[in-house]
Structures are given as structure tokens and as C-alpha cells.
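Coordinates from upload_25.txt are shown below (compact mmCIF, C-alpha atoms).
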# COMPACT_ATOMS: atom_id res chain seq x y z
CA MET A 30 -50.69 46.12 -126.00
CA GLY A 31 -48.30 46.02 -128.87
CA LEU A 32 -45.69 48.05 -127.04
CA ASP A 33 -45.50 45.55 -124.17
CA ASN A 34 -45.12 42.57 -126.44
CA ARG A 35 -42.60 44.16 -128.72
CA ALA A 36 -40.68 45.44 -125.72
CA ARG A 37 -40.42 41.92 -124.31
CA GLU A 38 -39.29 40.59 -127.66
CA THR A 39 -36.52 43.15 -127.90
CA GLY A 40 -35.34 42.57 -124.34
CA VAL A 41 -36.44 45.85 -122.80
CA SER A 42 -37.58 45.48 -119.18
CA ILE A 43 -41.03 46.58 -118.12
CA ASN A 44 -43.07 45.71 -115.08
CA PRO A 45 -46.74 46.03 -115.92
CA VAL A 46 -47.80 45.30 -112.34
CA ALA A 47 -46.06 48.34 -110.90
CA GLN A 48 -48.59 50.78 -112.41
CA GLU A 49 -45.85 53.31 -112.84
CA SER A 50 -45.94 55.68 -115.77
CA TRP A 51 -42.48 55.25 -117.08
CA VAL A 52 -40.75 52.77 -119.27
CA THR A 53 -37.21 52.27 -120.41
CA THR A 54 -36.59 51.51 -124.00
CA LYS A 55 -34.29 52.27 -126.87
CA LEU A 56 -34.94 55.48 -128.77
CA ASP A 57 -34.57 53.58 -132.03
CA PHE A 58 -37.24 51.17 -130.96
CA LEU A 59 -39.67 53.87 -129.84
CA VAL A 60 -39.26 55.98 -132.96
CA ASN A 61 -39.54 52.97 -135.25
CA TRP A 62 -42.54 51.68 -133.36
CA GLY A 63 -44.26 55.01 -133.87
CA ARG A 64 -43.35 55.19 -137.52
CA ALA A 65 -44.22 51.62 -138.36
CA ASN A 66 -47.69 51.91 -136.85
CA SER A 67 -48.66 55.21 -138.40
CA LEU A 68 -47.65 54.85 -142.02
CA TRP A 69 -49.75 57.08 -144.19
CA PRO A 70 -50.00 55.76 -147.72
CA MET A 71 -49.91 57.89 -150.83
CA PRO A 72 -51.91 55.87 -153.36
CA PHE A 73 -50.61 56.05 -156.89
CA GLY A 74 -53.18 53.86 -158.61
CA THR A 75 -53.04 53.58 -162.39
CA ALA A 76 -54.70 50.26 -163.22
CA CYS A 77 -56.53 47.22 -161.89
CA CYS A 78 -54.16 46.92 -158.90
CA ALA A 79 -55.73 50.13 -157.64
CA ILE A 80 -59.07 48.32 -157.43
CA GLU A 81 -57.51 45.71 -155.15
CA PHE A 82 -55.88 48.52 -153.22
CA MET A 83 -59.30 50.12 -152.70
CA ALA A 84 -60.62 46.77 -151.52
CA THR A 85 -57.73 46.59 -149.06
CA ALA A 86 -58.57 50.02 -147.72
CA ALA A 87 -62.28 49.28 -147.42
CA SER A 88 -64.02 47.72 -144.46
CA LYS A 89 -63.61 44.04 -145.36
CA PHE A 90 -59.81 44.08 -145.16
CA ASP A 91 -59.50 47.42 -143.34
CA LEU A 92 -56.10 49.00 -143.81
CA ALA A 93 -56.79 51.11 -140.73
CA ARG A 94 -55.88 48.11 -138.55
CA PHE A 95 -52.25 48.68 -139.54
CA GLY A 96 -52.14 52.37 -138.68
CA MET A 97 -52.88 53.44 -142.25
CA GLU A 98 -55.89 55.33 -141.06
CA ARG A 99 -55.76 58.01 -143.67
CA MET A 100 -55.04 57.96 -147.37
CA SER A 101 -52.76 60.88 -147.97
CA PHE A 102 -53.65 62.28 -151.35
CA SER A 103 -50.98 64.93 -150.98
CA PRO A 104 -47.40 63.64 -151.12
CA ARG A 105 -46.41 66.25 -148.53
CA GLN A 106 -48.21 64.35 -145.77
CA ALA A 107 -47.40 60.84 -146.95
CA ASP A 108 -44.97 58.21 -145.67
CA VAL A 109 -45.47 55.33 -148.10
CA LEU A 110 -45.88 55.61 -151.84
CA ILE A 111 -47.96 52.63 -152.98
CA CYS A 112 -47.66 52.37 -156.73
CA ALA A 113 -50.55 50.18 -157.85
CA GLY A 114 -50.53 49.52 -161.56
CA ARG A 115 -48.45 49.97 -164.66
CA VAL A 116 -46.60 53.22 -165.19
CA PRO A 117 -46.27 54.43 -168.76
CA PHE A 118 -43.25 56.49 -169.74
CA LYS A 119 -45.41 59.58 -169.87
CA LEU A 120 -46.07 59.18 -166.12
CA ALA A 121 -42.40 58.58 -165.26
CA PRO A 122 -41.60 62.24 -164.49
CA VAL A 123 -44.83 62.50 -162.50
CA ILE A 124 -44.05 59.62 -160.13
CA ARG A 125 -40.46 60.85 -159.82
CA ARG A 126 -41.71 64.28 -158.82
CA ILE A 127 -44.23 62.86 -156.34
CA TRP A 128 -41.43 60.87 -154.75
CA GLN A 129 -39.28 64.00 -154.49
CA GLN A 130 -42.14 65.89 -152.88
CA MET A 131 -42.58 63.32 -150.11
CA PRO A 132 -40.72 64.25 -146.89
CA GLN A 133 -38.27 61.89 -145.21
CA PRO A 134 -38.65 59.29 -143.83
CA LYS A 135 -40.41 57.71 -146.78
CA TRP A 136 -40.85 54.25 -148.21
CA CYS A 137 -42.26 52.77 -151.38
CA ILE A 138 -44.30 49.67 -152.07
CA SER A 139 -44.45 48.45 -155.64
CA MET A 140 -47.78 46.66 -155.90
CA GLY A 141 -48.34 44.12 -158.64
CA ALA A 142 -46.32 42.66 -161.46
CA CYS A 143 -46.58 45.71 -163.73
CA ALA A 144 -45.16 48.19 -161.24
CA SER A 145 -42.49 45.71 -160.18
CA SER A 146 -41.27 44.47 -163.53
CA GLY A 147 -43.45 45.55 -166.43
CA ASN A 148 -45.30 42.23 -166.29
CA GLY A 149 -43.96 40.82 -169.54
CA ILE A 150 -47.18 41.42 -171.44
CA PHE A 151 -46.44 45.15 -171.24
CA ASP A 152 -42.91 44.77 -172.58
CA ASN A 153 -43.56 47.43 -175.19
CA TYR A 154 -42.59 50.94 -176.20
CA ALA A 155 -44.91 52.72 -173.78
CA VAL A 156 -44.50 51.12 -170.36
CA VAL A 157 -41.75 51.52 -167.76
CA GLN A 158 -40.21 48.12 -167.00
CA GLY A 159 -40.43 48.36 -163.23
CA ILE A 160 -40.72 51.56 -161.20
CA ASP A 161 -37.45 50.73 -159.46
CA THR A 162 -35.82 52.24 -162.54
CA ILE A 163 -37.27 55.59 -161.45
CA ILE A 164 -37.54 55.55 -157.64
CA PRO A 165 -36.20 53.24 -154.89
CA VAL A 166 -38.60 50.47 -153.87
CA ASP A 167 -38.72 48.85 -150.42
CA VAL A 168 -41.25 46.06 -150.85
CA TYR A 169 -42.41 44.33 -154.03
CA VAL A 170 -45.83 42.68 -153.91
CA PRO A 171 -46.20 40.10 -156.68
CA GLY A 172 -49.50 39.23 -158.29
CA CYS A 173 -51.62 40.29 -161.21
CA PRO A 174 -53.29 41.92 -159.38
CA PRO A 175 -52.29 40.86 -155.85
CA ARG A 176 -55.11 39.97 -153.51
CA PRO A 177 -55.69 42.31 -150.57
CA GLU A 178 -54.10 39.73 -148.28
CA ALA A 179 -50.93 39.93 -150.35
CA LEU A 180 -50.83 43.70 -150.06
CA LEU A 181 -51.42 43.47 -146.31
CA TYR A 182 -48.55 40.99 -146.08
CA GLY A 183 -46.36 43.41 -148.00
CA ILE A 184 -47.33 46.22 -145.65
CA MET A 185 -46.48 44.05 -142.64
CA MET A 186 -43.12 43.26 -144.22
CA LEU A 187 -42.56 46.98 -144.61
CA GLN A 188 -43.44 47.47 -140.95
CA GLN A 189 -40.85 44.86 -140.01
CA LYS A 190 -38.33 46.65 -142.18
CA VAL A 191 -39.11 49.95 -140.48
CA MET A 192 -38.71 48.33 -137.06
CA ARG A 193 -35.17 47.26 -137.95
CA GLU A 194 -33.98 50.74 -138.97
CA ARG A 195 -31.35 52.49 -136.87
CA MET A 196 -31.02 56.24 -136.55
CA ALA A 197 -27.24 55.94 -136.53
CA ASP A 198 -27.39 54.57 -140.06
CA LYS A 199 -27.49 57.79 -142.06
CA SER A 200 -27.33 55.98 -145.36
CA LEU A 201 -31.00 55.03 -145.05
CA ARG A 202 -32.03 58.61 -145.72
CA ASN A 203 -29.63 59.25 -148.57
CA GLU A 204 -31.51 60.58 -151.54
CA MET A 205 -29.98 60.22 -154.93
CA GLU A 206 -30.12 63.70 -156.36
CA PRO A 207 -29.87 64.09 -160.10
CA ASP A 208 -26.95 66.07 -161.45
CA PRO A 209 -27.94 69.77 -161.31
CA ARG A 210 -26.64 70.21 -164.85
CA SER A 211 -28.94 67.53 -166.26
CA GLN A 212 -32.51 67.99 -167.40
CA LEU A 213 -33.68 65.64 -164.68
CA TYR A 214 -32.80 68.07 -161.91
CA ILE A 215 -35.60 70.07 -160.35
CA PRO A 216 -34.39 72.57 -157.75
CA PRO A 217 -36.03 72.15 -154.31
CA GLU A 218 -37.62 75.60 -154.38
CA ARG A 219 -39.29 74.75 -157.69
CA ILE A 220 -40.68 71.54 -156.16
CA ASP A 221 -41.96 73.54 -153.19
CA GLU A 222 -43.56 76.03 -155.50
CA LEU A 223 -45.31 73.30 -157.46
CA SER A 224 -46.64 71.60 -154.37
CA GLU A 225 -47.72 74.11 -151.83
CA ASN A 226 -48.70 72.69 -148.48
CA PHE A 227 -51.84 70.60 -148.70
CA GLY A 228 -51.49 70.29 -152.43
CA ASN A 229 -53.11 73.02 -154.43
CA SER A 230 -56.45 72.84 -152.67
CA VAL A 231 -56.32 76.55 -151.80
CA HIS A 232 -57.17 77.25 -155.42
CA GLN A 233 -60.29 75.14 -155.48
CA THR A 234 -63.47 77.14 -155.60
CA ARG A 235 -65.36 74.64 -153.47
CA SER A 236 -63.19 75.31 -150.43
CA GLY A 237 -65.05 78.56 -149.72
CA LEU A 238 -61.81 80.46 -149.12
CA MET B 142 -74.61 79.83 -174.44
CA SER B 143 -78.04 80.29 -175.98
CA ASP B 144 -81.05 80.77 -173.77
CA ALA B 145 -83.31 78.74 -176.10
CA PRO B 146 -85.23 76.00 -174.30
CA PHE B 147 -83.61 72.61 -174.60
CA THR B 148 -85.49 70.22 -176.85
CA PRO B 149 -84.32 66.63 -176.80
CA VAL B 150 -83.42 65.12 -180.18
CA LEU B 151 -84.96 61.70 -180.72
CA ALA B 152 -82.91 59.32 -182.81
CA GLY B 153 -84.48 58.80 -186.23
CA TYR B 154 -87.16 61.47 -185.97
CA ALA B 155 -86.30 62.85 -189.43
CA ALA B 156 -86.96 59.47 -191.07
CA GLY B 157 -90.65 59.85 -190.27
CA SER B 158 -92.73 58.68 -187.39
CA GLU B 159 -94.46 55.93 -189.40
CA GLN B 160 -91.20 53.99 -189.58
CA PRO B 161 -90.83 51.44 -186.82
CA ALA B 162 -87.85 51.57 -184.56
CA PRO B 163 -85.03 49.46 -185.99
CA VAL B 164 -84.31 46.03 -184.58
CA THR B 165 -80.99 44.22 -184.73
CA PRO B 166 -80.89 42.68 -188.22
CA LYS B 167 -80.42 38.94 -188.58
CA ASN B 168 -78.75 36.86 -191.29
CA VAL B 169 -76.75 39.81 -192.60
CA PRO B 170 -74.66 38.78 -195.63
CA TYR B 171 -70.91 39.40 -195.64
CA HIS B 172 -71.02 41.29 -198.92
CA GLY B 173 -74.06 42.93 -200.42
CA GLY B 174 -77.11 43.70 -198.39
CA PRO B 175 -78.98 46.98 -198.24
CA THR B 176 -76.86 50.02 -199.06
CA ASN B 177 -77.04 53.20 -197.05
CA PRO B 178 -79.02 55.66 -199.25
CA SER B 179 -76.41 58.31 -198.54
CA ALA B 180 -73.94 56.40 -200.74
CA GLY B 181 -76.17 56.87 -203.79
CA ALA B 182 -76.69 60.52 -202.95
CA LEU B 183 -72.94 60.99 -202.67
CA LYS B 184 -72.40 59.39 -206.09
CA ALA B 185 -75.03 61.65 -207.63
CA ARG B 186 -73.55 64.75 -206.01
CA PHE B 187 -69.80 64.16 -206.29
CA GLY B 188 -69.48 61.75 -209.24
CA ASP B 189 -65.91 60.60 -209.76
CA ALA B 190 -64.76 61.76 -206.32
CA ILE B 191 -66.45 58.59 -205.06
CA VAL B 192 -64.06 55.77 -205.87
CA ARG B 193 -66.00 52.74 -204.64
CA VAL B 194 -68.90 51.73 -202.44
CA ASP B 195 -68.67 48.52 -200.40
CA VAL B 196 -71.31 46.99 -198.18
CA VAL B 197 -69.65 44.71 -195.64
CA TRP B 198 -71.69 43.05 -192.89
CA GLY B 199 -74.52 45.46 -193.59
CA GLU B 200 -72.36 48.54 -193.10
CA THR B 201 -71.71 50.87 -196.01
CA THR B 202 -68.15 51.96 -196.72
CA VAL B 203 -67.57 54.74 -199.22
CA ILE B 204 -64.04 55.17 -200.54
CA VAL B 205 -63.53 58.76 -201.57
CA ASP B 206 -60.91 60.92 -203.21
CA ARG B 207 -58.39 62.23 -200.71
CA ALA B 208 -58.44 65.86 -201.88
CA ARG B 209 -62.19 66.28 -201.49
CA VAL B 210 -62.71 64.71 -198.06
CA ASN B 211 -63.46 67.97 -196.31
CA GLU B 212 -65.95 69.02 -198.98
CA ILE B 213 -67.74 65.66 -198.88
CA VAL B 214 -67.95 65.55 -195.09
CA ARG B 215 -69.19 69.12 -195.00
CA TRP B 216 -71.96 68.23 -197.46
CA LEU B 217 -72.91 65.14 -195.46
CA HIS B 218 -73.06 67.29 -192.35
CA ASP B 219 -75.02 70.21 -193.84
CA ASP B 220 -77.36 68.61 -196.37
CA PRO B 221 -80.91 68.40 -194.93
CA GLN B 222 -81.38 64.94 -196.46
CA GLN B 223 -78.20 63.54 -194.81
CA ARG B 224 -77.52 65.41 -191.53
CA TYR B 225 -74.50 63.43 -190.38
CA ASP B 226 -74.20 65.35 -187.14
CA TYR B 227 -71.96 63.01 -185.18
CA CYS B 228 -68.40 62.00 -186.00
CA SER B 229 -67.81 59.01 -183.80
CA ASP B 230 -64.30 58.03 -184.83
CA ILE B 231 -61.34 58.95 -186.99
CA THR B 232 -58.60 56.40 -187.31
CA ALA B 233 -56.26 54.76 -189.78
CA VAL B 234 -55.37 51.24 -190.89
CA GLU B 235 -52.00 50.07 -192.12
CA PHE B 236 -51.62 46.64 -193.66
CA ARG B 237 -48.67 44.28 -193.58
CA ASP B 238 -48.71 44.15 -197.36
CA LEU B 239 -46.24 46.82 -198.46
CA GLU B 240 -48.17 47.47 -201.67
CA ARG B 241 -51.43 48.17 -199.94
CA PRO B 242 -52.05 51.82 -199.15
CA ILE B 243 -52.76 53.14 -195.67
CA GLU B 244 -56.45 53.84 -195.15
CA VAL B 245 -57.82 56.73 -193.14
CA VAL B 246 -61.29 56.01 -191.78
CA TRP B 247 -64.07 58.36 -190.71
CA HIS B 248 -67.08 56.96 -188.88
CA LEU B 249 -70.06 59.25 -189.33
CA ARG B 250 -73.45 58.86 -187.79
CA SER B 251 -76.71 60.61 -188.72
CA ILE B 252 -78.77 60.65 -185.57
CA PRO B 253 -81.93 62.16 -187.18
CA PHE B 254 -81.97 59.49 -189.94
CA ARG B 255 -80.49 56.62 -187.91
CA ARG B 256 -77.73 56.04 -190.45
CA PHE B 257 -74.14 54.96 -190.15
CA LEU B 258 -71.63 55.70 -192.88
CA ARG B 259 -67.95 54.80 -193.07
CA LEU B 260 -65.76 57.00 -195.24
CA LYS B 261 -62.32 55.84 -196.27
CA THR B 262 -59.53 57.36 -198.26
CA LEU B 263 -56.39 55.65 -199.51
CA LEU B 264 -52.90 56.99 -198.92
CA PRO B 265 -50.35 55.16 -201.12
CA LYS B 266 -46.98 54.32 -199.57
CA GLY B 267 -44.09 56.53 -200.53
CA GLN B 268 -46.13 59.70 -200.68
CA PRO B 269 -46.52 62.24 -197.89
CA LEU B 270 -49.27 61.09 -195.53
CA ALA B 271 -51.69 63.99 -195.43
CA VAL B 272 -55.46 64.33 -195.56
CA PRO B 273 -57.74 67.33 -195.07
CA SER B 274 -58.89 67.95 -191.51
CA VAL B 275 -62.56 67.94 -190.59
CA TYR B 276 -61.91 70.00 -187.46
CA ASP B 277 -63.88 72.94 -188.89
CA ILE B 278 -66.97 70.68 -189.22
CA TYR B 279 -66.75 68.60 -186.04
CA ARG B 280 -64.94 70.10 -183.07
CA GLY B 281 -64.87 66.60 -181.59
CA ALA B 282 -62.43 65.62 -184.33
CA ASP B 283 -59.72 67.59 -182.51
CA TRP B 284 -58.31 64.83 -180.34
CA LEU B 285 -59.24 62.05 -182.77
CA GLU B 286 -57.04 63.65 -185.42
CA ARG B 287 -54.30 64.35 -182.92
CA GLU B 288 -54.31 60.70 -181.82
CA CYS B 289 -54.21 59.54 -185.42
CA TYR B 290 -51.27 61.86 -186.08
CA ASP B 291 -49.53 60.64 -182.91
CA MET B 292 -49.90 56.95 -183.73
CA PHE B 293 -49.58 56.91 -187.53
CA GLY B 294 -47.90 60.18 -188.49
CA ILE B 295 -50.74 61.21 -190.78
CA ARG B 296 -50.92 64.98 -191.05
CA PHE B 297 -54.40 66.49 -190.99
CA GLU B 298 -54.09 69.66 -193.02
CA GLY B 299 -56.08 72.48 -191.53
CA HIS B 300 -56.01 71.21 -187.94
CA PRO B 301 -55.14 74.26 -185.83
CA ASP B 302 -53.11 72.44 -183.15
CA LEU B 303 -51.77 69.20 -184.57
CA ARG B 304 -49.39 67.71 -182.01
CA ARG B 305 -48.98 64.45 -180.15
CA LEU B 306 -51.76 63.38 -177.83
CA LEU B 307 -50.83 60.07 -176.16
CA MET B 308 -47.05 60.20 -176.30
CA TRP B 309 -45.33 63.27 -174.91
CA GLU B 310 -44.59 66.07 -177.30
CA GLN B 311 -40.82 65.58 -177.42
CA TYR B 312 -41.18 61.87 -178.29
CA LYS B 313 -38.52 61.12 -180.87
CA GLU B 314 -38.94 57.45 -181.75
CA GLY B 315 -41.53 57.77 -184.49
CA PHE B 316 -45.13 56.65 -184.80
CA PRO B 317 -45.90 53.56 -182.69
CA LEU B 318 -48.75 51.99 -184.63
CA ARG B 319 -46.90 51.87 -187.94
CA LYS B 320 -45.93 48.41 -189.08
CA ASP B 321 -42.24 49.30 -189.29
CA PHE B 322 -42.18 50.37 -185.65
CA PRO B 323 -40.58 47.74 -183.36
CA MET B 324 -42.81 46.79 -180.45
CA ARG B 325 -40.28 47.85 -177.81
CA GLY B 326 -39.49 51.12 -179.52
CA ARG B 327 -36.34 52.15 -181.32
CA PHE B 328 -34.17 53.23 -178.39
CA SER B 329 -32.71 51.24 -175.53
CA ARG B 330 -34.68 51.07 -172.31
CA SER B 331 -32.24 53.37 -170.50
CA GLU B 332 -32.40 55.94 -173.27
CA GLN B 333 -36.19 55.76 -173.34
CA LEU B 334 -36.30 56.30 -169.58
CA ARG B 335 -33.83 59.16 -169.76
CA GLN B 336 -35.87 60.93 -172.41
CA ALA B 337 -39.14 60.25 -170.60
CA LEU B 338 -37.81 61.70 -167.34
CA ALA B 339 -36.49 64.73 -169.18
CA GLN B 340 -39.94 65.65 -170.46
CA ASN B 341 -41.50 68.57 -168.72
CA PRO B 342 -45.22 68.03 -168.09
CA GLU B 343 -45.72 71.75 -167.57
CA THR B 344 -44.35 72.92 -170.90
CA ARG B 345 -47.73 73.76 -172.31
CA TYR B 346 -50.06 73.87 -169.35
CA SER B 347 -48.72 75.71 -166.31
CA MET B 348 -50.12 75.10 -162.84
CA GLU B 349 -51.71 78.54 -162.98
CA GLU B 350 -53.54 77.59 -166.16
CA LEU B 351 -54.86 74.41 -164.63
CA SER B 352 -56.13 76.14 -161.50
CA ILE B 353 -59.90 76.36 -161.40
CA ALA B 354 -60.01 79.72 -159.68
CA GLU B 355 -57.93 81.35 -162.38
CA ALA B 356 -60.11 79.93 -165.12
CA PHE B 357 -63.33 81.06 -163.47
CA GLU B 358 -63.97 83.86 -165.95
CA ASP B 359 -63.52 81.48 -168.89
CA LEU B 360 -66.17 79.03 -167.72
CA PRO B 361 -69.58 78.94 -169.43
CA ALA B 362 -72.15 81.28 -167.96
CA ASP B 363 -74.34 78.61 -166.38
CA MET B 364 -71.38 76.93 -164.69
CA ARG B 365 -70.14 80.32 -163.44
CA GLN B 366 -73.55 80.96 -161.98
CA ARG B 367 -73.68 77.60 -160.19
CA LEU B 368 -70.14 77.86 -158.83
CA GLY B 369 -70.54 81.51 -157.89
CA GLY B 370 -73.78 80.89 -156.01
CA GLY B 371 -74.71 78.36 -153.41
CA GLU B 372 -72.21 75.65 -154.20
CA LYS B 373 -69.23 77.85 -153.46
CA VAL B 374 -69.93 78.31 -149.76
CA GLY B 375 -70.64 74.63 -149.13
CA GLU B 376 -67.82 73.13 -147.09

Show this structure as C-alpha cells.
Amino acid sequence: MGLDNRARETGVSINPVAQESWVTTKLDFLVNWGRANSLWPMPFGTACCAIEFMATAASKFDLARFGMERMSFSPRQADVLICAGRVPFKLAPVIRRIWQQMPQPKWCISMGACASSGNGIFDNYAVVQGIDTIIPVDVYVPGCPPRPEALLYGIMMLQQKVMRERMADKSLRNEMEPDPRSQLYIPPERIDELSENFGNSVHQTRSGL
Amino acid sequence: MSDAPFTPVLAGYAAGSEQPAPVTPKNVPYHGGPTNPSAGALKARFGDAIVRVDVVWGETTVIVDRARVNEIVRWLHDDPQQRYDYCSDITAVEFRDLERPIEVVWHLRSIPFRRFLRLKTLLPKGQPLAVPSVYDIYRGADWLERECYDMFGIRFEGHPDLRRLLMWEQYKEGFPLRKDFPMRGRFSRSEQLRQALAQNPETRYSMEELSIAEAFEDLPADMRQRLGGGEKVGE
């Protein structure tokens, strides 16, 4: 299994013949292994990249092979924000708020040229020139739109990045909070109020509650 | 909601059943060609309020006086010989030529008579850009007029809720589709981003307003009945 192989690569000793139910490893490795193989994506699809993202999630390319079994349509249960498509300025506060609603640890993949840089052809008054001006981005996937293989490669790069994280490094989880005096600041209780657990599905009449 | 039985409206039924269904015309001249009969009726009814009638590629364009737009559209909508019951688009055109006035365009369609009519009015540069609203005739003109205001800064007088539609409401840079608007906007990228992030998406619509359960009483009766009955318990 993956654990055995990775353990050998990182120099942790294990004797598979002994049939004993214990293993020695590093806590960092175990935690990162768990995180990297159960990333739940929060799809933020705004344009044609989202179509390729759907193709990636569907059976032909099958995102579930990489532990992304479930699309998390609520940011509260998500680990990776995948921004697929261009983001107009009117959506800038929305994606910022979604990012703030996601719990730590969290990562972000910027999929496609528009989300990464504005794509040149959208160098106009309405489009954000790269979402890294709004939220931190871990992996950029180039392409217009990228093929599913490219997105899968980006996801595997993110998994490698997660595997190299160390719990002792507190700076990884630093969130840049806006100045409370500025208009950009949203107090945490207001964010909680806006995004109750499991989104706002308790209000939907179809839930039968 | 009326309880009258729903009768489907067939396109062109008012023109008489002996008329064959129209086919796509061929060899249409650039100028000239058959004029929409509504143009003649408008000239007879409104006289000098009709500035000019053009037929371009088989489509009739009537240029009308700005002050009487609402009156003319209302007549086209109500008159039993016209029955323009569908307003498919409202937009504006600005030309690079500084002398040429801005045009506001209404696309009207008469489904019973199978007619298409384009109304235009001219707004000279240097004067306040304002035209009468047709919101009281077509409710569908609501967002069309708001978009036109958002992009061109043309005020539709009589619109009950004229504010920006595509850009956020606090947008300060002007009207993006005007020729004097730079493609990247007037402010620096950092200032644009700062202002965009400072907008509050919930200024007008709170989460409570958007919730379906809260709005249940405001829904139409038939939808209330469907949601309140069997579909509600389905998990």
C-alpha cells in the first residue's frame, strides 16, 4: 500500500512479514499522509475551466483516485479551494469570504490562465488579474483551459507540497487578517453567522425539516 | 394568478390563417425592401414624432422623437392592429464620431402578427442622457434598462429602481461601454481591487431575504401549493 512505500522512501522502518499491528513513523509524516490523501475540494467554477474540472471529477479521469472523493460545496467542510475560471471584480469579495470561511488547514489551486493571471485577453476593467491578489495560491495550473491531466498533475503537486509540511512550522497556518479598522475586515462571528454549519441548507424547503 | 385555462398563443395567428408560414427570405437588399406596415401606421398616428423610417437588410427601423417614446411604445403595445407584446431588447449605441449622437434602441416583436420593429431615438452629445422608461408597459424592461444605465449612463425616466446591474452599486469609475472609458478602467489595479473588496454583497439583499423558507408566503399560489404538498417531504 501507499503507506508502506512512502514509509520506505522516508526511511521509516517497517517489517511487513512480522504481521504485527504497529508501525513507527513520524507524526508529521502520518498527519501529512492523511491530509494529502483526503483533500476535499471546494469547486469555485466560473467559466470554461469548470467544464474541464467536471470532466476531471467524472468517471473518465476520476478525481476520487486521489482521495478527492467528495466535492465539498460548503466551504466549512473543504480543504482545497479550486478556482476554475476568471473572477470578475464583483466576485472578489465572494471568493475572499469563501476563503475566510474554510477551516485550517486549507490550500488553493488556481486553475487556468484567467484565475492565475487574468489571461491577457481579459486585461480589462472588469476582471481580477490573478486571484493571488485576493487569496494565497499554492498551485497554479496553466492552460486555457487546462486538460484534466494538467489539473490532476497540479493536484499531485499539491499532495507533494502537503507531504513536505512540518507541524513545527507555524508560519504555514498564518492567515493575513485585514486591519479591523478597514472596510475589508469581517469579524469572525459575522462570518460564522453568514455560513452556518452545512451552509444554509437548513432553510431549504426541500430538506423536509 | 388567474384560474383561466391556459390557451397557447400561436405565432402569427392574428395575421390570418390563410397566410402561409414565413420562410427565411432570400436576396434581401441592403436598403429598401418591404417595410413593416407598422411604420406607416405610426406615421399616420404620430405624424412629426416619427423622424425617419429606414429599412436595412429587410428590418424596419423607426427613428422617433425622444419625448414621445413611452407614448409610441404604449400605442404599439395596446393597438389591436399592432400588438407588440414582446420587448426583446433595449440597448444603446455610441459611435466614435464625436458629432454623432448616441442612439437608444428598442427591439419590439409582435408575436400575433409575426412582426419585428426596431425603434431608435437620438441623444445628442452634450445634453443630459435621458429617455422615458417603458417599464410600465413591459416589466421585462426592468433589467434591460438597468443594464443600459449601468453601461452607458443613460437615465430611464420613470424606472422605479434605476441602479447598476452588472457592476456593483458603489462602482465609481463611470460607464464602461462609453467610448471615452479606458479599457482597463480609470483607477489603478490596486485601487480597483481595494474598492471591489470593500463592496458589501449583502447591502441590498440580506441572507434572510434570500432564504426560500422566509419567502414562502410571497411565492405564487401554484408554487406554494406544489412546495407545500408532496414535494416538501421528499428527501

message: To one decimal place in Å, what is the distance between atom CA of Pro161 of chain B and atom CA of Trp198 of chain B?
response: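 Between these atoms lies a distance of 21.8 Å.
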
query: Which residue, A:Arg64, A:Val157, A:Glu98, A:Pro134, has the smallest gap to Ala337 of chain B when you use all atoms listed in the file?
result: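 Ranking A:Arg64, A:Val157, A:Glu98, A:Pro134 by distance to Ala337 of chain B, first place goes to A:Val157.
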
field: Option closest in space to chain A, from B:Arg256, B:Arg335, B:Lys167, B:Arg250 [counting all atoms listed in the file]
entry: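 When distances to chain A are compared using all atoms listed in the file, the smallest one comes from B:Arg335.
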
message: Under the rule that all atoms listed in the file are counted, which of A:Pro177, A:Gly114, A:Pro132, A:Gly147 is the nearest residue to chain B?
response: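 Closest to chain B of all the choices is A:Gly147.
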
message: Here is a test: counting all atoms listed in the file, which residue of A:Ile127, A:Met186, A:Tyr154, A:Leu181 is nearest to Val168 of chain A?
response: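 The answer is A:Met186, which sits nearest to Val168 of chain A.
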